[in-house]
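Shown next, in structure tokens, is the structure this report addresses.
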Amino acid sequence: MSMFDPIRLEVLRNALEATAQEMGVVLKCTAFSPNIKERMDASCAIFDADAALVAQAEHVPVHLGSMLKAVGPTLSKLPPLKEGDVVIVNDPFVAGAHLPDVTLIAPVFAEGQLIAHVASRAHHSDVGGMEPGSMPGASREVFQEGLIIPPVLLHAGGVEQDGIMRLVLANVRTPEERRGDLNAQLAALKIGETRLRELAERFDADGLREGLSAILDYSERRMRKRLAELPPGRYEAEDWLDDDGSSAEKVLVKVAVDVTPDRLVFDFEGTAPQRRGNVNAVAPMTHSAVFYAIKILTDATLPPNAGVMRPVEIRIPKGSFLDAQPPAAVCAGNTETTQRVADTVLRAFAKIAPERIAAASQGTMNLIGIGGRDPRTGRPYTYIETIGGGQGGRPYGPGMHGVHANMSNTLNTPVEALEISYPLRVERYELREGSGGQGLHAGGEGLIRALKAIDHEARVSLQSDRRVTGPYGLHGGADGAVGQNTRIDRSGHAETVGGKVSLTIGPGETIVVETPGGGGWKKAPVNS
């Protein structure tokens with residue numbers, strides 16, 4: 001007979017989620033880079049002994065959903081882990097993310113047996129490659145995007161593998177910051193291990209393993225119950241990326257969702273083939289967008305773990321840009337393509353549950369990377385940020401202004417922190433009035449962020465979308481406004497630049513990012 005009645009199981013589940021949350025707090029508070037310590041572009045999660053996702057913090061959906069399909073394949077590349085081992089990996093074709101997202105994984109042992117794994121994934125502000133920030137607009141193969149780290153041991157038996165650390169730090173522009181962020185990730189794993197061992201003392205090792213399995217079964221039951229309540233049928237949708245960064249051709253995402261009482265199937269047949277540019281997404285990225293969207297369709301209280309996905313099948317055609325193969329460039333697959341996959345799946349879901357699904361949010365992460373040599377110190381710097389925009393109008397109210405939606409959940413970099421850390425000045429930071437689509441419930445407004453290079457020449461990389469086609473409105477609501485990127489020289493001359501580019505700005509020149517507004521929900525009634 002199981003030792004876990006519903007109350008004890010809920011106590012354990014919440015303890016695990018609190019542990020993942022505490023891991024994130026430790027990571028944020030000990031990180032060196034503003035991208036993590038200010039924006040929390042990082043995520044933490046707990047996996048069982050078989051590498052199935054059991055619990056996660058409310059961090060970044062694109063991280064968490066892709067780790068669902070990445071931790072197992074990563075561990076399969078190595079001999080069984082021992083106590084004190086820590087794996088490091090960023091290879092997209094194993095770890096399921098772009099190169100700046102570096103993942104650390106550690107086993108947790110109690111009473112001599114493996115009981116779980118803890119993992120942290122963090123976006124590092126530089127991992128080498130052809131452009132500062134490792135998000136180049138012109139990358140055509142993954143080798144141009146940074147150092148590829150296959151699954152290797154960063155720690156073995158509790159001892160740092162100095163050769164691995166030195167190899168990583170020798171290939172990045174900001175090694176001191178990278179070491180600090182990696183140490184923060186290690187600290188997050190350590191607190192996760194400590195809390196799980198405490199739970200093993202409370203429930204014993206076998207009992208804890210039983211509890212982790214019971215949590216997955218519980219999520220599966222909840223998911224199947226919700227599936228049985230959905231109207232069966234096939235629901236189709238499509239949407240486009242503006243381009244792939246190498247040509248002006250739009251890139252199609254197409255999905256058919258088949259709903260039956262006991263199965264949910266996502267078929268991406270008809271989606272565009274692998275691209276020359278960098279919008280290619282490895283399969284775990286695509287899975288992450290589906291995993292996220294399922295939570296919206298089903299139940300906000302459904303524990304997000306591997307049990308949810310047991311009655312789900314995801315079919316991605318071979319050769320598609322949603323199942324990228326080496327040596328494809330993939331840096332924007334993480335930031336832009338996952339957003340479009342989420343938009344497309346949610347558009348199909350709006351036909352299943354029209355009173356539950358919002359209009360399209362901004363549909364891009366508006367990533368900007370700037371790097372050069374800081375004239376104040378003479379040392380290299382790399383600034384990375386993704387910029388919020390308009391949330392789509394919702395069935396119960398207007399969309400929020402200037403936020404990240406769907407696949408990102410990060411904060412802004414406060415102006416004070418940005419200007420202290422980098423030789424940049426924030427010239428404008430404001431809501432983009434009028435950018436939200438009109439409707440019964442209007443879309444949220446986008447943002448305007450303008451950054452000036454102070455006393456130095458800098459390289460700028462942009463990874464953005466929805467510069468051609470605005471975020472869609474639903475049920476008669478208007479589309480949100482498209483975004484725009486602009487370079488302003490010292491004379492004040494403004495030049496529009498593309499969504500996925502790298503360029504140079506000189507001293508006193510400014511780059512301006514105007515983000516899309518959200519789509520409107522439902523046609524507004526005509527005033528009588």
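Residue numbering restarts at 1 for every chain of the structure tokens, chains are lettered A, B, ... in their displayed order, and ligands are numbered from 1 as they appear.
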Test item, helix (DSSP H, G or I) assignment across segment 258-409 of chain A, answer as a ChimeraX atom specification: /A:283-297,306-309,331-352
Using C-alpha atoms, can you write the selected residues to a file as a PDB file, in the first residue's frame?
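Below is the file selection.pdb, written as the result:
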ATOM      1  CA  ALA A 283      12.992  19.269 -31.448  1.00  0.00           C
ATOM      2  CA  PRO A 284      13.083  19.939 -27.666  1.00  0.00           C
ATOM      3  CA  MET A 285      12.555  23.646 -28.387  1.00  0.00           C
ATOM      4  CA  THR A 286       9.413  22.762 -30.328  1.00  0.00           C
ATOM      5  CA  HIS A 287       8.302  20.454 -27.520  1.00  0.00           C
ATOM      6  CA  SER A 288       8.780  23.287 -25.028  1.00  0.00           C
ATOM      7  CA  ALA A 289       6.281  25.494 -26.869  1.00  0.00           C
ATOM      8  CA  VAL A 290       3.710  22.690 -26.999  1.00  0.00           C
ATOM      9  CA  PHE A 291       4.253  21.890 -23.300  1.00  0.00           C
ATOM     10  CA  TYR A 292       3.664  25.538 -22.440  1.00  0.00           C
ATOM     11  CA  ALA A 293       0.519  25.850 -24.575  1.00  0.00           C
ATOM     12  CA  ILE A 294      -1.007  22.688 -23.108  1.00  0.00           C
ATOM     13  CA  LYS A 295      -0.935  24.275 -19.658  1.00  0.00           C
ATOM     14  CA  ILE A 296      -3.028  27.189 -20.959  1.00  0.00           C
ATOM     15  CA  LEU A 297      -5.590  24.935 -22.635  1.00  0.00           C
ATOM     16  CA  ALA A 306       6.520  14.712 -17.486  1.00  0.00           C
ATOM     17  CA  GLY A 307       3.245  13.081 -16.450  1.00  0.00           C
ATOM     18  CA  VAL A 308       1.317  15.748 -18.349  1.00  0.00           C
ATOM     19  CA  MET A 309       2.940  14.641 -21.598  1.00  0.00           C
ATOM     20  CA  CYS A 331      20.324  30.737 -31.933  1.00  0.00           C
ATOM     21  CA  ALA A 332      17.011  32.369 -32.942  1.00  0.00           C
ATOM     22  CA  GLY A 333      15.176  29.059 -32.812  1.00  0.00           C
ATOM     23  CA  ASN A 334      15.149  29.434 -29.055  1.00  0.00           C
ATOM     24  CA  THR A 335      14.037  33.068 -28.929  1.00  0.00           C
ATOM     25  CA  GLU A 336      11.861  33.524 -32.017  1.00  0.00           C
ATOM     26  CA  THR A 337      10.724  30.179 -33.397  1.00  0.00           C
ATOM     27  CA  THR A 338       9.450  28.843 -30.087  1.00  0.00           C
ATOM     28  CA  GLN A 339       7.336  31.988 -29.805  1.00  0.00           C
ATOM     29  CA  ARG A 340       5.821  31.350 -33.216  1.00  0.00           C
ATOM     30  CA  VAL A 341       5.169  27.696 -32.451  1.00  0.00           C
ATOM     31  CA  ALA A 342       3.356  28.771 -29.288  1.00  0.00           C
ATOM     32  CA  ASP A 343       1.355  31.365 -31.251  1.00  0.00           C
ATOM     33  CA  THR A 344       0.356  28.763 -33.826  1.00  0.00           C
ATOM     34  CA  VAL A 345      -0.644  26.099 -31.307  1.00  0.00           C
ATOM     35  CA  LEU A 346      -2.624  28.636 -29.277  1.00  0.00           C
ATOM     36  CA  ARG A 347      -4.373  29.775 -32.460  1.00  0.00           C
ATOM     37  CA  ALA A 348      -5.536  26.190 -32.956  1.00  0.00           C
ATOM     38  CA  PHE A 349      -6.526  25.980 -29.290  1.00  0.00           C
ATOM     39  CA  ALA A 350      -8.699  29.085 -29.734  1.00  0.00           C
ATOM     40  CA  LYS A 351     -10.954  26.903 -31.903  1.00  0.00           C
ATOM     41  CA  ILE A 352     -11.169  24.309 -29.135  1.00  0.00           C
TER      42      ILE A 352
END
Just the residues within 7 Å of His59 of chain A, please, counting only C-alpha atoms, with nothing from its chain fewer than 4 positions along; format it as a tab-separated table (two decimals) with N, CA and C atoms, in the first residue's frame.
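Ended up saving to out-v3.tsv:
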chain	number	residue	atom	x	y	z
A	42	ALA	N	17.19	32.42	-16.30
A	42	ALA	CA	17.69	31.13	-15.83
A	42	ALA	C	16.52	30.34	-15.25
A	43	SER	N	16.71	29.03	-15.15
A	43	SER	CA	15.63	28.16	-14.68
A	43	SER	C	16.22	26.98	-13.91
A	409	ASN	N	9.91	34.56	-19.55
A	409	ASN	CA	9.32	35.00	-18.28
A	409	ASN	C	10.33	35.85	-17.53
Contacts of Ala187 of chain A at 10 Å or less, counting only C-alpha atoms, minus same-chain residues fewer than 6 places along, as a ChimeraX atom specification? /A:23-24,26-27,30-31,120,181,193
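Note that atom CA of Tyr383 of chain A and atom CA of Gly470 of chain A are 27.3 Å apart.
Remark: for Asp242 of chain A, the closest of the candidate residues A:Leu447, A:Ala45, A:Val468, A:Val60 is A:Val468 (distances computed over only C-alpha atoms).
With only C-alpha atoms taken into account, the protein and nucleic acid residues at most 8 Å from Ala70 of chain A (excluding it and anything under 5 positions from it in its own chain) are Val94, Ala95, Gly96 and Pro284 of chain A.
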Could you take the residues named above and write them with N, CA and C atoms, as a PDB file, in the first residue's frame?
ATOM      1  N   VAL A  94      21.858  17.979 -28.323  1.00  0.00           N
ATOM      2  CA  VAL A  94      21.710  17.079 -27.178  1.00  0.00           C
ATOM      3  C   VAL A  94      20.861  17.742 -26.099  1.00  0.00           C
ATOM      4  N   ALA A  95      21.240  18.971 -25.745  1.00  0.00           N
ATOM      5  CA  ALA A  95      20.606  19.667 -24.618  1.00  0.00           C
ATOM      6  C   ALA A  95      19.346  20.414 -25.007  1.00  0.00           C
ATOM      7  N   GLY A  96      19.086  20.574 -26.306  1.00  0.00           N
ATOM      8  CA  GLY A  96      17.805  21.128 -26.731  1.00  0.00           C
ATOM      9  C   GLY A  96      17.644  22.615 -26.558  1.00  0.00           C
ATOM     10  N   PRO A 284      13.511  19.563 -29.022  1.00  0.00           N
ATOM     11  CA  PRO A 284      13.083  19.939 -27.666  1.00  0.00           C
ATOM     12  C   PRO A 284      12.584  21.371 -27.554  1.00  0.00           C
TER      13      PRO A 284
END
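Proximity of A:Val330, A:Cys44, A:Asp374, A:Pro151 to Lys77 of chain A, computed with only C-alpha atoms, is greatest for A:Pro151.
Neighbouring residues of segment 196-200 of chain A at 9 Å or closer, counting only C-alpha atoms and skipping chain neighbours under 3 positions away, are Leu12, Ala15, Leu16, Thr19, Val108, Phe109, Ala110, Glu111, Ile115, Ala116, Ile191, Gly192, Glu193, Phe203, Asp204, Ala205, Asp206, Gly207, Leu208 and Arg209 of chain A.
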